[in-house]
Every structure is written in C-alpha cells, then in structure tokens.
$ cat query.txt   # compact mmCIF, C-alpha atoms
# COMPACT_ATOMS: atom_id res chain seq x y z
CA MET F 3 -238.37 -152.70 -85.29
CA SER F 4 -239.89 -150.24 -82.81
CA ASP F 5 -237.73 -147.46 -81.42
CA THR F 6 -237.99 -148.92 -77.92
CA SER F 7 -236.76 -152.36 -78.87
CA LYS F 8 -234.06 -150.75 -81.00
CA ASP F 9 -232.91 -148.76 -77.97
CA ILE F 10 -232.86 -151.89 -75.82
CA ILE F 11 -230.86 -153.80 -78.41
CA ARG F 12 -228.39 -150.94 -78.76
CA THR F 13 -227.95 -150.77 -74.99
CA HIS F 14 -227.26 -154.49 -74.91
CA MET F 15 -224.80 -154.20 -77.79
CA SER F 16 -222.93 -151.39 -76.05
CA VAL F 17 -222.21 -153.88 -73.25
CA PHE F 18 -221.42 -156.76 -75.60
CA GLN F 19 -218.97 -154.67 -77.62
CA ASP F 20 -216.36 -155.13 -74.86
CA PRO F 21 -214.07 -158.13 -75.27
CA LEU F 22 -214.35 -160.94 -72.73
CA PRO F 23 -211.73 -160.85 -70.00
CA LEU F 24 -209.45 -163.89 -70.11
CA VAL F 25 -210.49 -165.27 -66.73
CA GLU F 26 -212.19 -168.44 -65.49
CA GLU F 27 -215.69 -166.99 -65.69
CA PRO F 28 -215.53 -164.33 -68.42
CA PHE F 29 -219.29 -163.86 -68.81
CA ALA F 30 -219.43 -162.55 -65.26
CA CYS F 31 -218.25 -159.17 -66.58
CA TYR F 32 -221.38 -158.76 -68.73
CA ALA F 33 -223.54 -160.19 -65.93
CA GLU F 34 -222.31 -157.50 -63.59
CA LYS F 35 -222.99 -154.69 -66.07
CA PHE F 36 -226.51 -155.94 -66.81
CA GLY F 37 -227.35 -157.00 -63.28
CA PHE F 38 -228.15 -160.45 -64.71
CA THR F 39 -226.91 -163.89 -63.77
CA GLN F 40 -224.26 -165.45 -66.01
CA ASP F 41 -226.80 -167.98 -67.26
CA GLU F 42 -229.12 -165.13 -68.26
CA VAL F 43 -226.26 -163.44 -70.11
CA ILE F 44 -225.49 -166.64 -72.01
CA GLU F 45 -229.20 -166.97 -72.81
CA LEU F 46 -229.23 -163.39 -74.13
CA LEU F 47 -226.15 -164.04 -76.28
CA ARG F 48 -227.85 -167.15 -77.72
CA HIS F 49 -230.93 -165.05 -78.46
CA TYR F 50 -228.93 -162.46 -80.41
CA LEU F 51 -227.03 -165.19 -82.21
CA SER F 52 -230.36 -166.58 -83.37
CA THR F 53 -231.68 -163.16 -84.48
CA GLY F 54 -228.39 -162.39 -86.26
CA ALA F 55 -227.61 -159.21 -84.30
CA ILE F 56 -224.51 -161.07 -83.08
CA ARG F 57 -222.69 -163.02 -85.76
CA ARG F 58 -220.64 -165.21 -83.44
CA VAL F 59 -218.81 -165.16 -80.16
CA ALA F 60 -215.24 -165.81 -81.17
CA GLY F 61 -211.61 -164.89 -81.05
CA VAL F 62 -210.51 -162.19 -83.46
CA LEU F 63 -206.92 -162.20 -84.66
CA LYS F 64 -204.67 -159.42 -85.75
CA HIS F 65 -203.81 -161.03 -89.07
CA ASP F 66 -200.52 -159.25 -89.75
CA ARG F 67 -199.33 -160.35 -86.28
CA SER F 68 -200.42 -163.94 -86.78
CA GLY F 69 -198.31 -164.58 -89.86
CA PHE F 70 -200.42 -163.02 -92.62
CA VAL F 71 -198.04 -160.38 -93.86
CA VAL F 72 -199.25 -160.01 -97.45
CA ASN F 73 -202.75 -158.59 -97.46
CA ALA F 74 -204.70 -157.06 -100.30
CA MET F 75 -208.07 -155.87 -101.38
CA VAL F 76 -208.62 -157.49 -104.75
CA ALA F 77 -211.09 -155.66 -106.97
CA MET F 78 -212.57 -157.49 -109.96
CA ALA F 79 -214.68 -156.41 -112.89
CA ILE F 80 -217.40 -159.04 -113.22
CA ASP F 81 -220.68 -158.73 -115.13
CA ALA F 82 -223.69 -158.25 -112.87
CA ALA F 83 -225.21 -161.51 -114.07
CA GLN F 84 -222.09 -163.45 -113.09
CA CYS F 85 -221.56 -161.88 -109.67
CA ASP F 86 -223.54 -164.36 -107.58
CA ALA F 87 -221.80 -167.36 -109.12
CA ALA F 88 -218.38 -165.71 -108.71
CA GLY F 89 -219.21 -164.66 -105.15
CA ALA F 90 -220.11 -168.22 -104.22
CA VAL F 91 -216.76 -169.47 -105.54
CA LEU F 92 -214.77 -166.68 -103.86
CA ALA F 93 -216.53 -167.28 -100.53
CA GLN F 94 -215.23 -170.86 -100.52
CA PHE F 95 -211.57 -169.81 -100.54
CA PRO F 96 -210.20 -169.99 -96.98
CA PHE F 97 -207.72 -167.20 -97.78
CA ILE F 98 -210.56 -164.76 -98.51
CA THR F 99 -212.14 -163.35 -95.34
CA HIS F 100 -214.51 -160.77 -96.82
CA CYS F 101 -216.21 -160.60 -100.18
CA TYR F 102 -218.74 -158.05 -101.40
CA ARG F 103 -220.37 -156.79 -104.57
CA ARG F 104 -220.04 -153.02 -104.62
CA THR F 105 -220.93 -149.95 -106.64
CA ALA F 106 -218.93 -149.52 -109.85
CA TYR F 107 -218.20 -146.29 -111.75
CA PRO F 108 -217.61 -145.65 -115.46
CA ASP F 109 -213.91 -145.05 -114.78
CA TRP F 110 -213.69 -147.75 -112.09
CA PRO F 111 -215.34 -150.90 -113.42
CA TYR F 112 -214.80 -153.18 -110.43
CA THR F 113 -217.91 -154.79 -108.99
CA MET F 114 -216.44 -157.48 -106.73
CA TYR F 115 -214.12 -156.95 -103.79
CA ALA F 116 -212.32 -159.70 -101.88
CA MET F 117 -209.90 -159.38 -98.97
CA VAL F 118 -207.01 -161.78 -99.53
CA HIS F 119 -204.54 -162.77 -96.81
CA ALA F 120 -201.31 -164.71 -97.36
CA LYS F 121 -198.28 -165.70 -95.33
CA ASN F 122 -195.79 -164.75 -98.04
CA LYS F 123 -195.57 -163.32 -101.52
CA ARG F 124 -195.31 -166.67 -103.30
CA GLN F 125 -198.44 -167.93 -101.58
CA PHE F 126 -200.19 -164.66 -102.40
CA ASN F 127 -199.34 -164.93 -106.10
CA ARG F 128 -200.66 -168.47 -106.09
CA TYR F 129 -203.95 -167.28 -104.59
CA ILE F 130 -204.34 -164.58 -107.22
CA LYS F 131 -203.67 -167.13 -109.92
CA ARG F 132 -206.40 -169.36 -108.51
CA ILE F 133 -208.83 -166.46 -108.47
CA ARG F 134 -207.99 -165.61 -112.07
CA SER F 135 -208.37 -169.17 -113.28
CA LEU F 136 -211.61 -169.95 -111.45
CA ILE F 137 -213.39 -166.61 -111.83
CA SER F 138 -211.84 -165.13 -114.98
CA PRO F 139 -212.70 -161.52 -114.19
CA LYS F 140 -212.56 -159.10 -117.12
CA GLU F 141 -210.23 -156.93 -115.12
CA ILE F 142 -208.52 -157.38 -111.79
CA ALA F 143 -206.82 -154.81 -109.57
CA VAL F 144 -204.68 -156.05 -106.71
CA LEU F 145 -204.67 -153.25 -104.15
CA ARG F 146 -202.05 -154.39 -101.68
CA SER F 147 -202.09 -152.95 -98.17
CA ILE F 148 -199.06 -150.74 -97.67
CA LYS F 149 -199.88 -149.24 -94.31
CA GLU F 150 -202.55 -149.72 -91.68
CA TYR F 151 -203.65 -146.39 -90.26
CA LYS F 152 -206.56 -147.77 -88.26
CA LYS F 153 -208.24 -151.04 -87.48
CA THR F 154 -210.77 -151.17 -84.69
CA SER F 155 -214.19 -152.53 -83.88
CA PHE F 156 -217.08 -150.14 -84.25
CA ARG F 157 -218.28 -148.49 -81.03
CA PRO F 158 -221.45 -146.41 -81.26
CA GLY F 159 -220.12 -143.95 -78.72
CA MET L 125 -195.75 -170.18 -82.46
CA GLN L 126 -196.18 -173.43 -80.55
CA ARG L 127 -198.61 -176.07 -81.73
CA ILE L 128 -200.94 -175.54 -78.75
CA GLU L 129 -201.01 -171.80 -79.46
CA ARG L 130 -201.98 -172.45 -83.07
CA ASN L 131 -204.61 -174.99 -82.08
CA LEU L 132 -206.19 -172.65 -79.54
CA LEU L 133 -206.19 -169.72 -81.96
CA ASN L 134 -207.84 -171.80 -84.66
CA ALA L 135 -210.38 -173.12 -82.15
CA VAL L 136 -211.42 -169.80 -80.58
CA GLN L 137 -211.92 -168.26 -83.99
CA ARG L 138 -214.52 -170.90 -84.82
CA ASP L 139 -216.61 -171.61 -81.81
CA PHE L 140 -216.13 -170.30 -78.36
CA PRO L 141 -218.05 -172.33 -75.77
CA LEU L 142 -221.05 -170.44 -74.41
CA GLU L 143 -220.89 -171.70 -70.87
CA ARG L 144 -219.83 -170.41 -67.48
CA ARG L 145 -216.29 -171.78 -67.73
CA PRO L 146 -215.59 -171.70 -71.45
CA PHE L 147 -211.82 -171.99 -71.04
CA ALA L 148 -212.24 -175.19 -69.03
CA ALA L 149 -214.33 -176.66 -71.86
CA LEU L 150 -211.81 -175.47 -74.45
CA ALA L 151 -208.91 -176.82 -72.39
CA LYS L 152 -210.53 -180.22 -72.08
CA ARG L 153 -210.83 -180.53 -75.86
CA HIS L 154 -207.15 -179.76 -76.24
CA GLY L 155 -205.93 -181.91 -73.37
CA ILE L 156 -204.58 -179.05 -71.26
CA THR L 157 -205.60 -177.46 -67.97
CA GLU L 158 -207.92 -174.48 -67.76
CA LYS L 159 -205.06 -172.50 -66.22
CA LYS L 160 -202.70 -173.29 -69.09
CA CYS L 161 -205.46 -172.43 -71.60
CA ILE L 162 -206.07 -169.01 -70.05
CA GLU L 163 -202.34 -168.30 -69.69
CA THR L 164 -201.70 -169.17 -73.32
CA LEU L 165 -204.50 -166.98 -74.61
CA ARG L 166 -203.41 -164.12 -72.36
CA ARG L 167 -199.89 -164.36 -73.76
CA LEU L 168 -201.23 -164.30 -77.35
CA ASN L 169 -203.35 -161.32 -76.38
CA ASP L 170 -200.37 -159.50 -74.85
CA GLN L 171 -198.33 -160.19 -77.99
CA GLY L 172 -201.07 -158.57 -80.07
CA ILE L 173 -201.76 -161.73 -82.06
CA LEU L 174 -205.19 -162.25 -80.52
CA ARG L 175 -207.17 -159.00 -80.58
CA GLY L 176 -209.74 -160.41 -78.23
CA ILE L 177 -212.56 -162.89 -77.73
CA ARG L 178 -215.88 -161.15 -78.13
CA PRO L 179 -219.34 -161.15 -79.53
CA VAL L 180 -218.97 -160.05 -83.17
CA ILE L 181 -221.85 -157.63 -83.52
CA ALA L 182 -223.66 -157.24 -86.84
CA TRP L 183 -224.14 -153.48 -86.54
CA ASN L 184 -226.00 -153.49 -89.85
CA ARG L 185 -228.69 -155.58 -88.12
CA VAL L 186 -229.20 -153.02 -85.37
CA GLY L 187 -229.72 -149.87 -87.41
CA PHE L 188 -226.24 -148.95 -88.62
CA THR L 189 -224.84 -148.96 -92.13
CA GLY L 190 -221.29 -149.52 -93.20
CA ILE L 191 -219.66 -148.13 -96.31
CA LEU L 192 -216.29 -148.45 -97.99
CA ILE L 193 -214.78 -145.17 -99.13
CA GLY L 194 -211.96 -144.88 -101.65
CA ILE L 195 -209.93 -141.67 -101.63
CA GLU L 196 -207.37 -140.34 -104.04
CA ALA L 197 -204.97 -138.30 -101.94
CA LEU L 198 -201.74 -136.56 -102.88
CA PRO L 199 -198.95 -138.97 -101.89
CA ASP L 200 -197.11 -136.34 -99.85
CA ARG L 201 -200.27 -135.39 -97.94
CA VAL L 202 -201.67 -138.87 -97.45
CA ASP L 203 -200.40 -139.36 -93.89
CA GLU L 204 -202.09 -136.20 -92.64
CA VAL L 205 -205.28 -136.96 -94.58
CA ALA L 206 -205.29 -140.43 -92.98
CA ALA L 207 -204.78 -138.96 -89.51
CA ALA L 208 -207.74 -136.60 -89.98
CA ILE L 209 -209.93 -139.46 -91.22
CA ASN L 210 -208.93 -141.65 -88.27
CA ALA L 211 -210.40 -139.04 -85.96
CA ILE L 212 -213.90 -139.36 -87.48
CA PRO L 213 -216.15 -141.36 -85.13
CA GLY L 214 -217.36 -144.40 -87.03
CA VAL L 215 -214.21 -144.88 -89.10
CA THR L 216 -213.09 -148.39 -88.15
CA HIS L 217 -210.56 -149.29 -90.85
CA ASN L 218 -208.19 -147.08 -92.78
CA TYR L 219 -205.48 -148.37 -95.13
CA LEU L 220 -202.91 -147.02 -97.51
CA ARG L 221 -203.05 -149.12 -100.67
CA GLU L 222 -201.54 -149.40 -104.10
CA GLY L 223 -203.51 -147.84 -106.94
CA ARG L 224 -205.20 -144.62 -107.92
CA PHE L 225 -207.44 -144.52 -104.86
CA ASN L 226 -204.63 -144.85 -102.37
CA LEU L 227 -206.59 -144.49 -99.15
CA TRP L 228 -209.45 -146.83 -98.27
CA CYS L 229 -211.51 -146.50 -95.13
CA THR L 230 -214.72 -147.95 -93.76
CA LEU L 231 -217.32 -145.80 -92.09
CA THR L 232 -220.16 -147.09 -89.90
CA TYR L 233 -223.00 -144.62 -89.34
CA ASP L 234 -226.67 -144.29 -88.54
CA GLY L 235 -228.52 -141.82 -90.67
CA GLU L 236 -227.67 -140.38 -94.08
CA GLU L 237 -226.86 -136.99 -92.54
CA LYS L 238 -223.98 -138.41 -90.49
CA LYS L 239 -222.55 -140.05 -93.57
CA GLN L 240 -222.81 -136.84 -95.62
CA ARG L 241 -221.12 -134.85 -92.86
CA SER L 242 -218.18 -137.28 -92.77
CA LEU L 243 -217.88 -137.32 -96.56
CA SER L 244 -217.90 -133.50 -96.77
CA PHE L 245 -215.26 -133.34 -94.08
CA ILE L 246 -213.01 -135.76 -95.98
CA ARG L 247 -213.55 -133.89 -99.28
CA SER L 248 -212.55 -130.64 -97.58
CA LEU L 249 -209.16 -131.96 -96.43
CA ALA L 250 -206.10 -130.52 -98.16
CA GLY L 251 -204.59 -133.13 -100.45
CA VAL L 252 -207.85 -134.96 -101.23
CA LEU L 253 -208.35 -135.05 -105.01
CA ASP L 254 -211.24 -137.45 -105.32
CA LEU L 255 -213.56 -139.52 -103.16
CA ARG L 256 -215.87 -142.36 -104.08
CA GLU L 257 -218.47 -144.30 -102.14
CA PHE L 258 -218.38 -148.05 -102.58
CA ALA L 259 -221.57 -149.25 -100.94
CA ALA L 260 -221.91 -153.00 -100.50
CA GLU L 261 -224.72 -154.20 -102.74
CA LYS L 262 -224.37 -157.79 -101.66
CA THR L 263 -222.33 -159.65 -99.07
CA TYR L 264 -220.85 -162.99 -100.11
CA LYS L 265 -218.60 -163.57 -97.15
CA ILE L 266 -217.75 -162.13 -93.77
CA GLY L 267 -215.51 -164.86 -92.48
CA LEU L 268 -212.89 -163.46 -90.15
CA VAL L 269 -211.47 -166.94 -89.65
CA LEU L 270 -207.86 -167.48 -90.71
CA ASP L 271 -206.10 -170.72 -89.86
CA VAL L 272 -202.70 -169.98 -88.38

$ encode --input "query.txt" --output "structure tokens"
Amino acid sequence: MSDTSKDIIRTHMSVFQDPLPLVEEPFACYAEKFGFTQDEVIELLRHYLSTGAIRRVAGVLKHDRSGFVVNAMVAMAIDAAQCDAAGAVLAQFPFITHCYRRTAYPDWPYTMYAMVHAKNKRQFNRYIKRIRSLISPKEIAVLRSIKEYKKTSFRPG
Amino acid sequence: MQRIERNLLNAVQRDFPLERRPFAALAKRHGITEKKCIETLRRLNDQGILRGIRPVIAWNRVGFTGILIGIEALPDRVDEVAAAINAIPGVTHNYLREGRFNLWCTLTYDGEEKKQRSLSFIRSLAGVLDLREFAAEKTYKIGLVLDV
C-alpha cells in the first residue's frame, strides 16, 4: 500500500469511526463530512467491506448490559499442531466472540485464548465443560472478568 | 427486555441495511414502523445496552497492530495502575481478572516505537511486578455477535 492511499484510507476511517446517528437517514452524517452524496457514502462503505478494511456495519452491544454478566477470558494450553483444529471448533461456539492463538511462555503455557460470555454462572460452567470435552486442552485457565476499567473503540487520534 | 427489543438487537448485530433509510428496511422486516424502530433503538442506546451502530473497522488492515498485554500488579495498587494504563492513547480494553496476571489490556498502535514507549511506561508504574506481551499469532474468530 502506498503512503498516499494509506493516508486516504485513514482519513476515511477517521470519519467512519463515528457511530451512525439513530435518525431516518443516518448515512447523511458521513455524507456531510465527506462532501459526498449518501449513495456515494454507501458505495464507499461497500468498497471497504469488500477490501476488508471494514469488517461489517452493525450494532455493537455492551454485553454486560444486555444480560451477559459472567464473562471470562479462557486460556488453554494446546499443542501447536492441534491449534487450528481446536480454533475451528471454538469458533463455532456462539458463546465465544473472540478466539486467538497467542504467544506462550515457559511459565505460562497457554496458546489459545477465547472470550466466553454467559448469562449466569450455571450456563457459564456448562460452556466450560463443553470446551473441555470437545477440545481437551492440556491445561485451562478461566480468567473471569472482575472489573472493567475500560472498553472503547480504537480512535487513531 | 421486550421481544421486539431482542429481535432488533439480534438483527442489527448481524446485518444492518446499507441503504438511505436503513431503519425503514429493518422496520419492515419486523412488522413495525420506522418511527417505532428508531425509538426502540434509541431507548436501547440510552440504556447503554446498544453501544452504537457503526462500521466495525479492521484497524489491522489499515496499518495498525493490536496486542494483548498481561500485567501482574500488586492487588492494592491495581486500581491506580489501571487508571494510568487507561490514559495511554491506543488502550481500548482494560480488565481486572482472576489469576496471576490480574490486569489485561489491549493496545492498538502503529509503529514498534509507540508500542515500546507504552510498554516502558507500564513497566515503570509503581505496583507493576511483571508484564508480558501476548501477540495474536492467528485469529480464529472475531464475532462480536451475541444473541440476547
């Protein structure tokens, strides 16, 4: 990517980082900022959806406010060779929103991280049991969220 | 939550119509008026249940990198350590968790130097005993959809 096109994309993203106003014609707010028509804005959004710079245009929930009160980062020790297979299984669970393979350390053997969200403790325990039975990680650490200090969308300034 | 609220929340998380009057299209699918659709979503927004409807930007596709950082902080200093970390530009998530690394934050940055500066700052905070970088080596899911 050339620096110029990178700059253009970043400028566009700095406009698109604002949430849509909840009004009849929400895309008009971007149109105004760009000096484009609404149809051009929608075209531009479609373009970035196709390039992958924008993942989706969608509603984002605050999960603890929408009934998901038990949330945890679940770290699992899984052999490198098994990670892709395990990742594919974990990705299928609707109660897992994020799943990554990450760096492990000699004193911290976990290679797989999944964010698990449940409506209550019993449901949460059931989810962990399902993970254990379908993935059989060598070790599993359930790192429950105790306090949220910050949760925002990235803004490049 | 009412059924229509649930249905709308589940719908907007999946696919938001890319057209001039998206709420009219959404309303039609759910058998309500555009006005009722907008009012309902506004109420959910005011209640803090809906954070917003927006393009979800893949910052990693436009030159930024994200990293997960695990920090071992003294329990009686952890609140102040967290507050200092929150002030770093690029820190988007920061959670107190169970376990040895009790503070977990995500940092989005462009350029190794910015990352190193943030990491040095965190290491220098009173009460920080250890810090580890947990770079994502592979992404299996970024879903963000939770049926309510």

$ closest_residue --input "query.txt" --among "L:Val215, L:Ile266, L:Ile209, L:Ile193" --to "chain F" --atoms "only C-alpha atoms"
L:Ile266

$ closest_atom_pairs --input "query.txt" --of "chain F" --to "chain L" --cutoff "6 Å" --atoms "all atoms listed in the file" --output "JSON lines"
{"residue": "F:Pro21", "atom": "CA", "partner": "L:Arg178", "partner_atom": "CA", "distance": 4.5}
{"residue": "F:Leu22", "atom": "CA", "partner": "L:Arg178", "partner_atom": "CA", "distance": 5.6}
{"residue": "F:Glu26", "atom": "CA", "partner": "L:Arg145", "partner_atom": "CA", "distance": 5.7}
{"residue": "F:Glu27", "atom": "CA", "partner": "L:Arg145", "partner_atom": "CA", "distance": 5.2}
{"residue": "F:Ala55", "atom": "CA", "partner": "L:Ala182", "partner_atom": "CA", "distance": 5.1}
{"residue": "F:Ile56", "atom": "CA", "partner": "L:Ile181", "partner_atom": "CA", "distance": 4.4}
{"residue": "F:Arg57", "atom": "CA", "partner": "L:Val180", "partner_atom": "CA", "distance": 5.4}
{"residue": "F:Arg58", "atom": "CA", "partner": "L:Val180", "partner_atom": "CA", "distance": 5.4}
{"residue": "F:Val59", "atom": "CA", "partner": "L:Pro179", "partner_atom": "CA", "distance": 4.1}
{"residue": "F:Ala60", "atom": "CA", "partner": "L:Gln137", "partner_atom": "CA", "distance": 5.0}
{"residue": "F:Gly61", "atom": "CA", "partner": "L:Ile177", "partner_atom": "CA", "distance": 4.0}
{"residue": "F:Val62", "atom": "CA", "partner": "L:Arg175", "partner_atom": "CA", "distance": 5.4}
{"residue": "F:Leu63", "atom": "CA", "partner": "L:Leu174", "partner_atom": "CA", "distance": 4.5}
{"residue": "F:Lys64", "atom": "CA", "partner": "L:Ile173", "partner_atom": "CA", "distance": 5.2}
{"residue": "F:Arg67", "atom": "CA", "partner": "L:Ile173", "partner_atom": "CA", "distance": 5.1}
{"residue": "F:Ser68", "atom": "CA", "partner": "L:Ile173", "partner_atom": "CA", "distance": 5.4}
{"residue": "F:Gly89", "atom": "CA", "partner": "L:Tyr264", "partner_atom": "CA", "distance": 5.6}
{"residue": "F:Ala93", "atom": "CA", "partner": "L:Lys265", "partner_atom": "CA", "distance": 5.4}
{"residue": "F:Thr99", "atom": "CA", "partner": "L:Gly267", "partner_atom": "CA", "distance": 4.7}
{"residue": "F:His100", "atom": "CA", "partner": "L:Ile266", "partner_atom": "CA", "distance": 4.7}
{"residue": "F:Cys101", "atom": "CA", "partner": "L:Lys265", "partner_atom": "CA", "distance": 4.9}
{"residue": "F:Tyr102", "atom": "CA", "partner": "L:Thr263", "partner_atom": "CA", "distance": 4.6}
{"residue": "F:Arg103", "atom": "CA", "partner": "L:Lys262", "partner_atom": "CA", "distance": 5.0}
{"residue": "F:Arg104", "atom": "CA", "partner": "L:Ala260", "partner_atom": "CA", "distance": 4.5}
{"residue": "F:Thr105", "atom": "CA", "partner": "L:Phe258", "partner_atom": "CA", "distance": 5.2}
{"residue": "F:Leu145", "atom": "CA", "partner": "L:Glu222", "partner_atom": "CA", "distance": 5.0}
{"residue": "F:Arg146", "atom": "CA", "partner": "L:Arg221", "partner_atom": "CA", "distance": 5.5}
{"residue": "F:Ser147", "atom": "CA", "partner": "L:Arg221", "partner_atom": "CA", "distance": 4.7}
{"residue": "F:Ile148", "atom": "CA", "partner": "L:Arg221", "partner_atom": "CA", "distance": 5.2}
{"residue": "F:Lys149", "atom": "CA", "partner": "L:Leu220", "partner_atom": "CA", "distance": 4.9}
{"residue": "F:Glu150", "atom": "CA", "partner": "L:Tyr219", "partner_atom": "CA", "distance": 4.7}
{"residue": "F:Tyr151", "atom": "CA", "partner": "L:Asn218", "partner_atom": "CA", "distance": 5.2}
{"residue": "F:Lys152", "atom": "CA", "partner": "L:Asn218", "partner_atom": "CA", "distance": 4.9}
{"residue": "F:Lys153", "atom": "CA", "partner": "L:His217", "partner_atom": "CA", "distance": 4.4}
{"residue": "F:Thr154", "atom": "CA", "partner": "L:Thr216", "partner_atom": "CA", "distance": 5.0}
{"residue": "F:Phe156", "atom": "CA", "partner": "L:Thr216", "partner_atom": "CA", "distance": 5.8}

$ atom_distance --input "query.txt" --atom1 "CA of Val71 in chain F" --atom2 "CA of Met117 in chain F"
13.0 Å

$ residues_near_point --input "query.txt" --point "(-212.3, -149.1, -107.9)" --cutoff "8 Å" --atoms "only C-alpha atoms" --output "list of chain:residue names"
F:Ala77, F:Ala106, F:Tyr107, F:Trp110, F:Pro111, F:Tyr112, L:Gly194, L:Phe225

$ atom_distance --input "query.txt" --atom1 "CA of Glu141 in chain F" --atom2 "CA of His65 in chain F"
27.1 Å

$ atom_distance --input "query.txt" --atom1 "CA of Ile195 in chain L" --atom2 "CA of Leu253 in chain L"
7.6 Å

$ closest_residue --input "query.txt" --among "F:Ser138, F:Thr13, F:Thr113, F:Gln125" --to "Asn73 in chain F" --atoms "all atoms listed in the file"
F:Gln125

$ closest_residue --input "query.txt" --among "L:Gly155, L:Arg241, L:Gly251, L:Ala149" --to "Leu198 in chain L" --atoms "all atoms listed in the file"
L:Gly251

$ closest_residue --input "query.txt" --among "F:Pro28, F:Pro23, F:Pro139, F:Pro158" --to "Gln84 in chain F" --atoms "only C-alpha atoms"
F:Pro139

$ residues_near_point --input "query.txt" --point "(-203.8, -166.2, -100.9)" --cutoff "10 Å" --atoms "all atoms listed in the file" --output "list in words"
Phe70, Val72, Asn73, Ala74, Phe95, Pro96, Phe97, Ile98, Met117, Val118, His119, Ala120, Lys121, Asn122, Lys123, Arg124, Gln125, Phe126, Asn127, Arg128, Tyr129, Ile130, Lys131, Arg132 and Ile133 of chain F

$ closest_residue --input "query.txt" --among "L:Lys160, L:Arg127, L:Lys239, L:Arg153" --to "Val25 in chain F" --atoms "only C-alpha atoms"
L:Lys160
